[in-house]
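Right, one structure below, let's go through it.
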There are 2 protein chains.
Amino acid sequence: MRVIRGKSGTNQEGTSAHNRRVMIDALRLNGKLSRADLARASGLTKQTVSNIIDDLEQDGLVVSLAAVRNGRGQPSTPYRLVPEGAFAIGLQIDRHVTRVIAVNLVGTVLVRAEANLPPGGPAKGVRVILDLIRQVRIELAGVAEHSEERLVGLCVAMPGPFGLAPDNDDQWMMAAWQSFPLLETLAAGTGLEVALQNDAAACATAERMVGAAHGVDHAICLYLGYGIGAGLILNGELYAGGNGNAGEIGMALLPPSAGRPERSPLEHRASLASLYQHLNADPADPKLHDRLNTLVSNADPAVASWIDAAAEELRWGVQLIETIFDPQTVILCSSAPEALTRRIFDAIHPLLPSIADRRGRALPRLQLGMTDPWSVALGAAAEPISRAFDPRFSAILKTRASAGGW
Amino acid sequence: MRVIRGKSGTNQEGTSAHNRRVMIDALRLNGKLSRADLARASGLTKQTVSNIIDDLEQDGLVVSLAAVRNGRGQPSTPYRLVPEGAFAIGLQIDRHVTRVIAVNLVGTVLVRAEANLPPGGPAKGVRVILDLIRQVRIELAGVAEHSEERLVGLCVAMPGPFGLAPDNDDQWMMAAWQSFPLLETLAAGTGLEVALQNDAAACATAERMVGAAHGVDHAICLYLGYGIGAGLILNGELYAGGNGNAGEIGMALLPPSAGRPERSPLEHRASLASLYQHLNADPADPKLHDRLNTLVSNADPAVASWIDAAAEELRWGVQLIETIFDPQTVILCSSAPEALTRRIFDAIHPLLPSIADRRGRALPRLQLGMTDPWSVALGAAAEPISRAFDPRFSAILKTRASAGGW
DNA sequence: TAATTAAGTCAATTGATTTGACTTATTTCT
DNA sequence: AGAAATAAGTCAAATCAATTGACTTAATTA
């Protein structure tokens with residue numbers, strides 16, 4: 001059959017779905033709002049808002065609070081989101097460990113669990129993961145009623161890039177995970193909708209739901225993990241690129257510079273991998289996090305020299321990101337200990353001049369984001385919530401599968 | 001009054017507007033389609049498509065062609081866009097000249113006019129511009145009936161970045177234009193809706209409507225003009241950033257490299273400004289374009305050495321763009337003579353390895369785009385057409401102003 | 001106490017999409 | 001040649017989310 005290119009249409013269902021999402025989004029951003037407030041915020045009529053809020057209340061997604069007098073006129077009844085209205089599971093697969101988190105509608109972490117990934121590759125690892133997920137779901141059911149019915153999905157976060165030939169020099173066998181049918185296996189094993197993000201994107205998702213990017217429509221999350229990547233919030237949505245690899249700036253080649261005659265990827269100069277190499281540390285050492293903490297608080301000179309070198313690259317990276325994306329803010333996140341991340345953050349300053357250097361900025365050019373080792377898993381958990389409840393273009397459109405009646 | 005944050009809702013009007021846009025988009029992409037084809041492409045029912053197409057035919061935006069037999073079943077009646085269904089004006093303001101173009105619904109250029117900008121700044125210049133626009137509209141009315149009723153808007157393209165303090169070392173007084181209330185003056189002087197884009201964005205808009213980015217949802221246009229910038233097509237829409245300055249990569253600071261001990265902006269190394277400086281040429285010289293052409297065809301060594309140096313920076317730039325955006329393709333555009341642009345294009349190759357280096361690519365990693373000096377003006381003219389007829393999220397949403405009935 | 005203001009509801013209307021049956025025109029099978 | 005199958009497209013009624021305008025309720029202000 002001839003392929004016809006074109007975008008999808010929409011109908012009343014799409015309209016209604018969008019308006020529900022708009023209500024939830026407004027409540028998430030403003031905490032609590034009356035029906036009249038929601039009508040003003042959305043541009044919809046009071047009546048429409050009333051209908052939608054009634055629905056959402058029925059669905060257990062919002063509840064009313066005590067009426068408040070706001071001066072003249074009938075007191076308004078504010079509504080807020082019900083945290084227990086929905087749940088999602090986030091899974092992080094890292095080189096040595098895997099983490100699973102359960103969150104609720106407002107992004108509160110309810111359950112977390114961690115396990116070491118056994119040697120033997122994905123086939124064995126996925127069994128550990130499925131067990132961990134099962135365990136988290138059971139625990140979740142213990143602390144939250146109806147959690148199973150209200151589970152909206154699962155998202156996996158792991159280092160990218162995705163879908164490339166596994167010819168890169170990745171000694172941590174993440175490449176093996178790339179060729180393993182992970183999403184299918186997880187979908188079958190959990191019965192949930194499964195999504196995939198790289199770790200920087202997950203970090204951005206977390207910052208958007210409960211962090212520094214909350215309510216910000218244009219923000220870039222610079223995530224310093226084992227590698228380095230950027231999570232792109234553009235027009236209020238995570239941008240994934242043509243093949244899901246947008247923001248993988250660790251692979252950006254830097255021009256030769258003083259002392260480095262070769263072009264080399266940013267990842268080799270500014271990433272925790274480069275720090276470990278600089279320190280001759282074993283990345284698989286479970287006590288590494290604590291050891292790093294100690295080194296930082298002791299002002300270890302080897303760490304300090306790495307920080308200075310990395311901060312110089314990152315200072316440049318921030319300027320580049322500002323120049324390319326013109327975001328409202330850039331957020332520095334890391335899986336490194338908070339003290340170390342803060343040291344790096346400080347060392348990046350003063351920032352280079354850029355187009356972001358404008359008067360009357362509402363947000364700082366660079367902010368410190370989450371430094372919790374769990375933040376990537378949290379972001380993964382936030383993704384299904386966002387997919388299910390945030391206003392987005394794709395949520396309005398008809399899906400091809402559901403089209404009938406030709 | 002308390003400010004409530006939140007997104008806009010939608011209703012049947014939004015649905016209908018979107019579906020009309022989807023039909024137009026599908027016809028633009030596929031050339032001609034029957035009602036049944038459109039139903040399949042959009043996921044809407046045949047009946048809905050029939051209603052919309054009837055409307056569009058009434059509005060003079062589509063026409064039917066002769067029925068065609070496609071095998072079994074009743075022959076289908078294809079429809080196509082009517083080029084004369086809408087018109088738009090594009091205005092380019094450059095350092096020395098201003099150009100005005102009129103296009104129709106399918107992006108065909110109908111009228112073009114050019115004038116030198118007089119010394120004396122924007123106040124004088126804007127009078128020249130308004131005269132030029134008036135002249136183009138009169139000429140357009142001569143070659144296209146009902147052009148005035150069907151004029152959907154005006155877009156201005158000029159070098160960015162916009163909205164910054166005019167403290168930069170811009171000797172061509174583009175800074176003066178920044179502080180001048182240009183859009184308001186043009187809106188009042190023409191009675192049209194006026195939009196603004198930087199020149200790289202305009203170039204991308206042109207490539208998307210009639211060039212290499214036609215029907216491509218993720219493409220980056222690298223525009224080599226007096227400065228250098230990138231036009232970002234993300235998710236099928238032009239991305240402007242938080243303040244309309246996304247893609248202004250000319251201001252990206254490059255690390256020091258061999259022979260350049262200082263950080264310097266990309267613009268100083270790879271832009272026509274840098275070429276003019278290298279050649280000791282006067283950018284205001286009206287014969288410069290022709291002279292450059294001659295130099296290129298004579299294999300002038302000064303030009304060749306500049307090309308090599310610039311290509312090295314651009315090769316890096318392409319790799320960076322691929323790494324950051326993960327686009328389906330990168331398009332090299334320029335206001336330089338085609339021969340020169342082609343030489344640069346060739347000199348950029350071979351490209352650096354990147355995540356774009358994947359098997360089974362549908363599009364080349366780097367393509368040569370428009371090299372017409374008029375392409376920025378064309379892109380500006382394409383913007384109102386795109387704004388009026390392309391499917392986009394914002395077109396679905398209610399505008400706050402139109403909300404009533406609280 | 002009456003007027004004003006604002007939140008929220010009620011019941012009827014609107015209007016784009018959907019549904020399912022139908023007509024028309026062509027090819028393919030017998 | 002005739003019947004069956006297939007596909008395009010229309011007709012008329014139904015659906016359903018948003019809208020409209022009048023109304024009720026409950027507070028403040030004059």
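Going through the structure tokens in order, the chains are called A, B, and so on, while each chain numbers its residues from 1 and the ligands are numbered from 1 in the order shown.
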10 Å contact set for Phe180 in chain A, only C-alpha atoms (C1' of nucleotides), chain neighbours under 6 positions out, as a CSV table (one decimal) with C-alpha atoms, in the first residue's frame:
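Generated file (out_2.csv):
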chain,number,residue,atom,x,y,z
A,121,GLY,CA,24.8,-9.6,31.0
A,122,PRO,CA,21.3,-8.5,30.4
A,123,ALA,CA,19.7,-12.0,30.3
A,126,VAL,CA,16.8,-8.6,33.7
Would you mind listing, for every residue of chain C within 7 Å of chain B, the two atoms forming the shortest contact and the distance between them in Å to one decimal, using only C-alpha atoms (C1' of nucleotides), sorted by chain and ascending residue number, as a tab-separated table?
residue	atom	partner	partner_atom	distance
C:DA16	C1'	B:Gln12	CA	6.3
C:DT17	C1'	B:Thr48	CA	6.4
C:DT24	C1'	B:Gln74	CA	6.8
C:DA25	C1'	B:Gln74	CA	4.2
C:DT26	C1'	B:Gly73	CA	4.7
C:DT27	C1'	B:Arg72	CA	4.4
What are the closest atom pairs, with distances in Å to one decimal, for each residue of chain D lying within 9 Å of chain A, using only C-alpha atoms (C1' of nucleotides), rows by chain and rising residue number, as JSON lines?
{"residue": "D:DC16", "atom": "C1'", "partner": "A:Gln12", "partner_atom": "CA", "distance": 7.7}
{"residue": "D:DA17", "atom": "C1'", "partner": "A:Gln12", "partner_atom": "CA", "distance": 6.3}
{"residue": "D:DA18", "atom": "C1'", "partner": "A:Thr48", "partner_atom": "CA", "distance": 6.3}
{"residue": "D:DT19", "atom": "C1'", "partner": "A:Thr45", "partner_atom": "CA", "distance": 7.6}
{"residue": "D:DT25", "atom": "C1'", "partner": "A:Gln74", "partner_atom": "CA", "distance": 6.8}
{"residue": "D:DA26", "atom": "C1'", "partner": "A:Gln74", "partner_atom": "CA", "distance": 4.3}
{"residue": "D:DA27", "atom": "C1'", "partner": "A:Gly73", "partner_atom": "CA", "distance": 4.6}
{"residue": "D:DT28", "atom": "C1'", "partner": "A:Arg72", "partner_atom": "CA", "distance": 4.4}
{"residue": "D:DT29", "atom": "C1'", "partner": "A:Arg72", "partner_atom": "CA", "distance": 8.4}
Go ahead and write the selection's residues with C-alpha atoms (C1' of nucleotides) as a PDB file, in the first residue's frame.
ATOM      1  C1'  DC D  16     -20.911  14.505  23.239  1.00  0.00           C
ATOM      2  C1'  DA D  17     -17.751  18.255  25.057  1.00  0.00           C
ATOM      3  C1'  DA D  18     -17.976  22.948  25.224  1.00  0.00           C
ATOM      4  C1'  DT D  19     -20.842  27.034  25.291  1.00  0.00           C
ATOM      5  C1'  DT D  25     -25.721  31.368  46.728  1.00  0.00           C
ATOM      6  C1'  DA D  26     -22.834  33.880  49.799  1.00  0.00           C
ATOM      7  C1'  DA D  27     -19.870  37.122  50.792  1.00  0.00           C
ATOM      8  C1'  DT D  28     -18.542  42.518  51.114  1.00  0.00           C
ATOM      9  C1'  DT D  29     -19.679  47.397  50.721  1.00  0.00           C
TER      10       DT D  29
END
message = Which residues are close to Asp94 in chain A, i.e. within 12 Å by only C-alpha atoms (C1' of nucleotides), leaving aside same-chain residues fewer than 3 positions away? Reply as JSON, numbers by chain.
response = {"A": [91, 97, 98, 99, 100, 114, 115, 116, 117, 118, 122, 125, 129, 156, 157, 158, 159, 160, 172, 173, 174, 175, 177, 198, 199, 225, 226, 227, 283, 284, 335, 373, 374, 376, 377]}
task = For chain B, work out the contacting residues on chain A at 7 Å, counting only C-alpha atoms, and write them as a PyMOL selection string.
result = chain A and resi 4-12+15+18-19+22+25-26+29-30+41-46+164+218+241-243+245-249+251-252+255-257+319-320+323-328+358+393+398+400+403+405-406
Requested write-out: N, CA and C atoms of the selected residues, as a short mmCIF file (atom, residue, chain, number, x, y, z; two decimals), in the first residue's frame:
data_model
loop_
_atom_site.label_atom_id
_atom_site.label_comp_id
_atom_site.auth_asym_id
_atom_site.auth_seq_id
_atom_site.Cartn_x
_atom_site.Cartn_y
_atom_site.Cartn_z
N ILE A 4 1.35 7.31 2.84
CA ILE A 4 0.98 8.72 2.79
C ILE A 4 1.54 9.38 4.02
N ARG A 5 2.29 10.45 3.79
CA ARG A 5 2.83 11.16 4.94
C ARG A 5 1.81 12.19 5.43
N GLY A 6 1.81 12.39 6.72
CA GLY A 6 0.89 13.40 7.24
C GLY A 6 0.73 13.26 8.72
N LYS A 7 0.23 14.33 9.33
CA LYS A 7 0.04 14.31 10.77
C LYS A 7 -1.36 13.81 11.10
N SER A 8 -1.54 13.54 12.36
CA SER A 8 -2.79 12.99 12.84
C SER A 8 -3.81 14.09 13.13
N GLY A 9 -5.08 13.79 12.94
CA GLY A 9 -6.14 14.72 13.28
C GLY A 9 -6.56 14.58 14.73
N THR A 10 -7.59 15.28 15.09
CA THR A 10 -8.09 15.16 16.46
C THR A 10 -9.61 15.29 16.49
N ASN A 11 -10.16 15.06 17.67
CA ASN A 11 -11.61 15.14 17.82
C ASN A 11 -11.96 15.52 19.26
N GLN A 12 -13.23 15.40 19.62
CA GLN A 12 -13.66 15.79 20.96
C GLN A 12 -12.89 15.06 22.06
N THR A 15 -9.75 16.88 22.59
CA THR A 15 -10.06 18.13 23.30
C THR A 15 -10.21 17.88 24.78
N HIS A 18 -7.06 16.85 26.55
CA HIS A 18 -6.17 17.99 26.75
C HIS A 18 -6.65 18.85 27.90
N ASN A 19 -7.92 19.14 27.94
CA ASN A 19 -8.42 20.03 28.99
C ASN A 19 -8.24 19.43 30.38
N VAL A 22 -4.75 20.02 31.24
CA VAL A 22 -4.52 21.42 31.57
C VAL A 22 -4.92 21.71 33.03
N ASP A 25 -2.28 20.16 35.27
CA ASP A 25 -1.06 20.95 35.17
C ASP A 25 -1.18 22.23 35.99
N ALA A 26 -2.31 22.90 35.86
CA ALA A 26 -2.50 24.16 36.59
C ALA A 26 -2.48 23.89 38.10
N LEU A 29 1.05 23.30 39.23
CA LEU A 29 1.88 24.51 39.25
C LEU A 29 1.47 25.47 40.37
N ASN A 30 0.18 25.55 40.63
CA ASN A 30 -0.29 26.56 41.56
C ASN A 30 -0.67 26.00 42.93
N ALA A 41 -7.46 30.55 34.25
CA ALA A 41 -6.14 30.10 33.82
C ALA A 41 -6.18 29.41 32.46
N SER A 42 -7.24 28.69 32.20
CA SER A 42 -7.29 27.86 30.99
C SER A 42 -8.00 28.54 29.83
N GLY A 43 -8.77 29.59 30.15
CA GLY A 43 -9.56 30.21 29.10
C GLY A 43 -10.86 29.47 28.83
N LEU A 44 -11.12 28.41 29.55
CA LEU A 44 -12.37 27.67 29.37
C LEU A 44 -13.47 28.31 30.22
N THR A 45 -14.70 27.92 29.99
CA THR A 45 -15.80 28.49 30.76
C THR A 45 -15.89 27.82 32.13
N LYS A 46 -16.52 28.53 33.05
CA LYS A 46 -16.71 27.98 34.39
C LYS A 46 -17.41 26.63 34.32
N LEU A 164 22.88 2.59 18.56
CA LEU A 164 24.08 2.66 17.73
C LEU A 164 24.76 1.30 17.70
N HIS A 218 11.56 26.36 29.33
CA HIS A 218 12.79 26.23 28.55
C HIS A 218 13.96 26.08 29.52
N GLY A 241 14.86 14.32 20.21
CA GLY A 241 15.58 14.28 18.94
C GLY A 241 15.01 13.24 17.99
N GLY A 242 15.62 13.14 16.84
CA GLY A 242 15.12 12.24 15.82
C GLY A 242 15.23 10.78 16.18
N ASN A 243 16.22 10.42 16.98
CA ASN A 243 16.42 9.01 17.34
C ASN A 243 16.53 8.80 18.85
N ASN A 245 18.32 10.46 20.94
CA ASN A 245 19.65 10.68 21.49
C ASN A 245 20.01 12.15 21.67
N ALA A 246 19.03 13.04 21.57
CA ALA A 246 19.33 14.46 21.74
C ALA A 246 19.93 14.68 23.12
N GLY A 247 20.89 15.58 23.21
CA GLY A 247 21.49 15.94 24.49
C GLY A 247 22.68 15.10 24.91
N GLU A 248 23.07 14.14 24.09
CA GLU A 248 24.20 13.27 24.45
C GLU A 248 25.52 13.99 24.23
N ILE A 249 25.71 15.11 24.90
CA ILE A 249 26.85 15.96 24.61
C ILE A 249 28.19 15.38 25.04
N MET A 251 29.58 13.03 23.85
CA MET A 251 30.28 12.59 22.65
C MET A 251 30.68 13.75 21.75
N ALA A 252 30.39 14.97 22.19
CA ALA A 252 30.82 16.13 21.41
C ALA A 252 32.34 16.19 21.43
N PRO A 255 37.73 20.80 20.35
CA PRO A 255 38.94 21.14 19.61
C PRO A 255 40.15 20.92 20.51
N PRO A 256 41.28 20.69 19.90
CA PRO A 256 42.50 20.54 20.70
C PRO A 256 42.72 21.79 21.53
N SER A 257 43.23 21.65 22.70
CA SER A 257 43.51 22.83 23.52
C SER A 257 44.85 22.63 24.21
N GLN A 319 28.06 27.99 28.55
CA GLN A 319 27.96 29.09 27.60
C GLN A 319 27.44 28.59 26.26
N LEU A 320 27.91 27.43 25.86
CA LEU A 320 27.47 26.86 24.59
C LEU A 320 25.97 26.55 24.62
N THR A 323 23.96 29.60 24.42
CA THR A 323 24.00 30.19 23.09
C THR A 323 23.12 29.41 22.12
N ILE A 324 23.13 28.11 22.25
CA ILE A 324 22.39 27.29 21.30
C ILE A 324 20.91 27.22 21.60
N PHE A 325 20.56 27.12 22.89
CA PHE A 325 19.15 26.88 23.24
C PHE A 325 18.42 28.11 23.74
N ASP A 326 19.14 29.10 24.18
CA ASP A 326 18.50 30.27 24.77
C ASP A 326 17.47 29.86 25.83
N PRO A 327 17.89 29.08 26.81
CA PRO A 327 16.93 28.62 27.83
C PRO A 327 16.71 29.68 28.90
N GLN A 328 15.70 29.45 29.72
CA GLN A 328 15.48 30.37 30.84
C GLN A 328 16.49 30.11 31.95
N ARG A 358 21.38 38.83 30.46
CA ARG A 358 20.47 39.96 30.24
C ARG A 358 19.91 40.47 31.55
N PHE A 393 1.27 18.06 22.94
CA PHE A 393 0.66 18.00 21.62
C PHE A 393 0.20 16.58 21.30
N LYS A 398 -5.21 11.91 17.51
CA LYS A 398 -5.71 10.56 17.43
C LYS A 398 -4.54 9.60 17.21
N ARG A 400 -3.24 6.30 15.36
CA ARG A 400 -3.66 5.64 14.12
C ARG A 400 -4.48 4.38 14.39
N ALA A 403 -8.27 4.57 14.87
CA ALA A 403 -9.11 5.15 13.84
C ALA A 403 -9.96 4.07 13.17
N GLY A 405 -13.98 3.29 10.97
CA GLY A 405 -15.06 3.88 10.20
C GLY A 405 -14.68 4.47 8.87
N TRP A 406 -13.75 3.84 8.19
CA TRP A 406 -13.44 4.38 6.86
C TRP A 406 -14.51 3.92 5.90
#
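Across the model, the gap from C1' of DC23 in chain D to CA of Val62 in chain A is 27.2 Å.
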remark   = Expressed in Å, the length from CA of Asn280 in chain B to CA of Ser305 in chain B is 14.0 Å
task = Would you return as a PyMOL selection string the members of range 107-244 of chain B that DSSP assigns to helix (DSSP H, G or I) on this structure's backbone?
result = chain B and resi 121-143+174-179+182-190+199-210
Serialized selection, N, CA and C atoms, as a short mmCIF file (atom, residue, chain, number, x, y, z; two decimals), in the first residue's frame:
data_model
loop_
_atom_site.label_atom_id
_atom_site.label_comp_id
_atom_site.auth_asym_id
_atom_site.auth_seq_id
_atom_site.Cartn_x
_atom_site.Cartn_y
_atom_site.Cartn_z
N GLY B 121 19.81 55.56 10.11
CA GLY B 121 19.19 54.70 11.12
C GLY B 121 17.78 54.28 10.78
N PRO B 122 17.18 53.57 11.71
CA PRO B 122 15.88 52.93 11.51
C PRO B 122 14.77 53.90 11.16
N ALA B 123 14.78 55.07 11.76
CA ALA B 123 13.68 55.99 11.53
C ALA B 123 13.56 56.31 10.04
N LYS B 124 14.68 56.51 9.40
CA LYS B 124 14.65 56.74 7.95
C LYS B 124 14.46 55.43 7.20
N GLY B 125 15.16 54.39 7.66
CA GLY B 125 15.12 53.12 6.97
C GLY B 125 13.72 52.54 6.90
N VAL B 126 12.96 52.73 7.94
CA VAL B 126 11.65 52.11 7.98
C VAL B 126 10.73 52.72 6.93
N ARG B 127 11.01 53.97 6.58
CA ARG B 127 10.18 54.58 5.53
C ARG B 127 10.48 53.93 4.19
N VAL B 128 11.74 53.69 3.93
CA VAL B 128 12.13 52.98 2.70
C VAL B 128 11.47 51.60 2.67
N ILE B 129 11.51 50.94 3.82
CA ILE B 129 10.95 49.59 3.91
C ILE B 129 9.45 49.60 3.64
N LEU B 130 8.76 50.54 4.28
CA LEU B 130 7.31 50.59 4.09
C LEU B 130 6.96 50.89 2.63
N ASP B 131 7.75 51.74 2.00
CA ASP B 131 7.54 52.01 0.57
C ASP B 131 7.73 50.75 -0.25
N LEU B 132 8.78 50.02 0.09
CA LEU B 132 9.09 48.81 -0.67
C LEU B 132 7.96 47.78 -0.52
N ILE B 133 7.48 47.66 0.68
CA ILE B 133 6.38 46.71 0.92
C ILE B 133 5.14 47.14 0.14
N ARG B 134 4.87 48.44 0.17
CA ARG B 134 3.70 48.96 -0.55
C ARG B 134 3.83 48.61 -2.04
N GLN B 135 4.99 48.85 -2.57
CA GLN B 135 5.28 48.58 -3.97
C GLN B 135 5.09 47.09 -4.30
N VAL B 136 5.60 46.23 -3.42
CA VAL B 136 5.46 44.80 -3.64
C VAL B 136 4.00 44.38 -3.60
N ARG B 137 3.25 44.95 -2.70
CA ARG B 137 1.83 44.60 -2.61
C ARG B 137 1.08 45.02 -3.86
N ILE B 138 1.43 46.18 -4.39
CA ILE B 138 0.77 46.64 -5.62
C ILE B 138 1.11 45.70 -6.77
N GLU B 139 2.38 45.37 -6.86
CA GLU B 139 2.81 44.48 -7.94
C GLU B 139 2.16 43.10 -7.78
N LEU B 140 2.08 42.65 -6.54
CA LEU B 140 1.45 41.36 -6.27
C LEU B 140 -0.01 41.37 -6.72
N ALA B 141 -0.70 42.46 -6.40
CA ALA B 141 -2.11 42.57 -6.80
C ALA B 141 -2.25 42.51 -8.31
N GLY B 142 -1.21 42.93 -9.02
CA GLY B 142 -1.24 42.89 -10.47
C GLY B 142 -1.13 41.48 -11.02
N VAL B 143 -0.40 40.63 -10.36
CA VAL B 143 -0.21 39.27 -10.89
C VAL B 143 -1.10 38.23 -10.20
N MET B 174 23.28 47.44 13.41
CA MET B 174 22.09 46.62 13.57
C MET B 174 21.52 46.86 14.97
N ALA B 175 22.41 47.28 15.89
CA ALA B 175 21.96 47.52 17.26
C ALA B 175 20.86 48.58 17.30
N ALA B 176 20.99 49.58 16.45
CA ALA B 176 19.99 50.64 16.44
C ALA B 176 18.61 50.08 16.08
N TRP B 177 18.60 49.10 15.19
CA TRP B 177 17.33 48.48 14.82
C TRP B 177 16.71 47.73 15.99
N GLN B 178 17.59 47.25 16.86
CA GLN B 178 17.08 46.46 17.99
C GLN B 178 16.24 47.32 18.93
N SER B 179 16.65 48.58 19.09
CA SER B 179 15.94 49.40 20.06
C SER B 179 14.76 50.13 19.42
N LEU B 182 10.27 48.32 15.80
CA LEU B 182 10.10 47.94 14.40
C LEU B 182 8.76 47.25 14.14
N LEU B 183 8.48 46.24 14.95
CA LEU B 183 7.28 45.45 14.69
C LEU B 183 6.02 46.31 14.78
N GLU B 184 5.98 47.15 15.79
CA GLU B 184 4.81 48.02 15.95
C GLU B 184 4.67 48.95 14.75
N THR B 185 5.79 49.53 14.34
CA THR B 185 5.77 50.46 13.22
C THR B 185 5.31 49.76 11.93
N LEU B 186 5.82 48.56 11.72
CA LEU B 186 5.43 47.82 10.51
C LEU B 186 3.98 47.38 10.58
N ALA B 187 3.53 46.96 11.74
CA ALA B 187 2.14 46.54 11.88
C ALA B 187 1.22 47.72 11.58
N ALA B 188 1.56 48.86 12.15
CA ALA B 188 0.73 50.05 11.93
C ALA B 188 0.81 50.48 10.46
N GLY B 189 2.00 50.39 9.88
CA GLY B 189 2.19 50.87 8.52
C GLY B 189 1.64 49.95 7.44
N THR B 190 1.45 48.68 7.77
CA THR B 190 0.98 47.74 6.74
C THR B 190 -0.40 47.17 7.04
N ASP B 199 17.90 35.56 10.97
CA ASP B 199 18.08 35.13 9.58
C ASP B 199 18.27 33.61 9.45
N ALA B 200 18.91 33.00 10.44
CA ALA B 200 19.08 31.54 10.36
C ALA B 200 17.73 30.84 10.49
N ALA B 201 16.89 31.35 11.37
CA ALA B 201 15.56 30.76 11.55
C ALA B 201 14.75 30.91 10.26
N ALA B 202 14.89 32.08 9.61
CA ALA B 202 14.17 32.30 8.36
C ALA B 202 14.64 31.30 7.31
N CYS B 203 15.94 31.08 7.28
CA CYS B 203 16.49 30.14 6.33
C CYS B 203 15.90 28.74 6.56
N ALA B 204 15.81 28.36 7.81
CA ALA B 204 15.24 27.06 8.14
C ALA B 204 13.78 27.00 7.72
N THR B 205 13.08 28.09 7.91
CA THR B 205 11.67 28.14 7.51
C THR B 205 11.53 27.93 6.00
N ALA B 206 12.45 28.55 5.27
CA ALA B 206 12.43 28.39 3.81
C ALA B 206 12.75 26.95 3.42
N GLU B 207 13.76 26.39 4.05
CA GLU B 207 14.13 25.01 3.72
C GLU B 207 12.99 24.05 4.06
N ARG B 208 12.26 24.38 5.09
CA ARG B 208 11.17 23.50 5.48
C ARG B 208 10.00 23.59 4.50
N MET B 209 9.73 24.78 4.02
CA MET B 209 8.59 24.90 3.11
C MET B 209 8.91 24.38 1.72
N VAL B 210 10.07 24.74 1.17
CA VAL B 210 10.34 24.37 -0.22
C VAL B 210 11.71 23.77 -0.44
#
ask   = Can you tell me, as number ranges by chain, what residues are no more than 12 Å from DA22 in chain D when counting only C-alpha atoms (C1' of nucleotides), ignoring any on the same chain fewer than 2 positions away?
value = C: 9-12; D: 20, 24
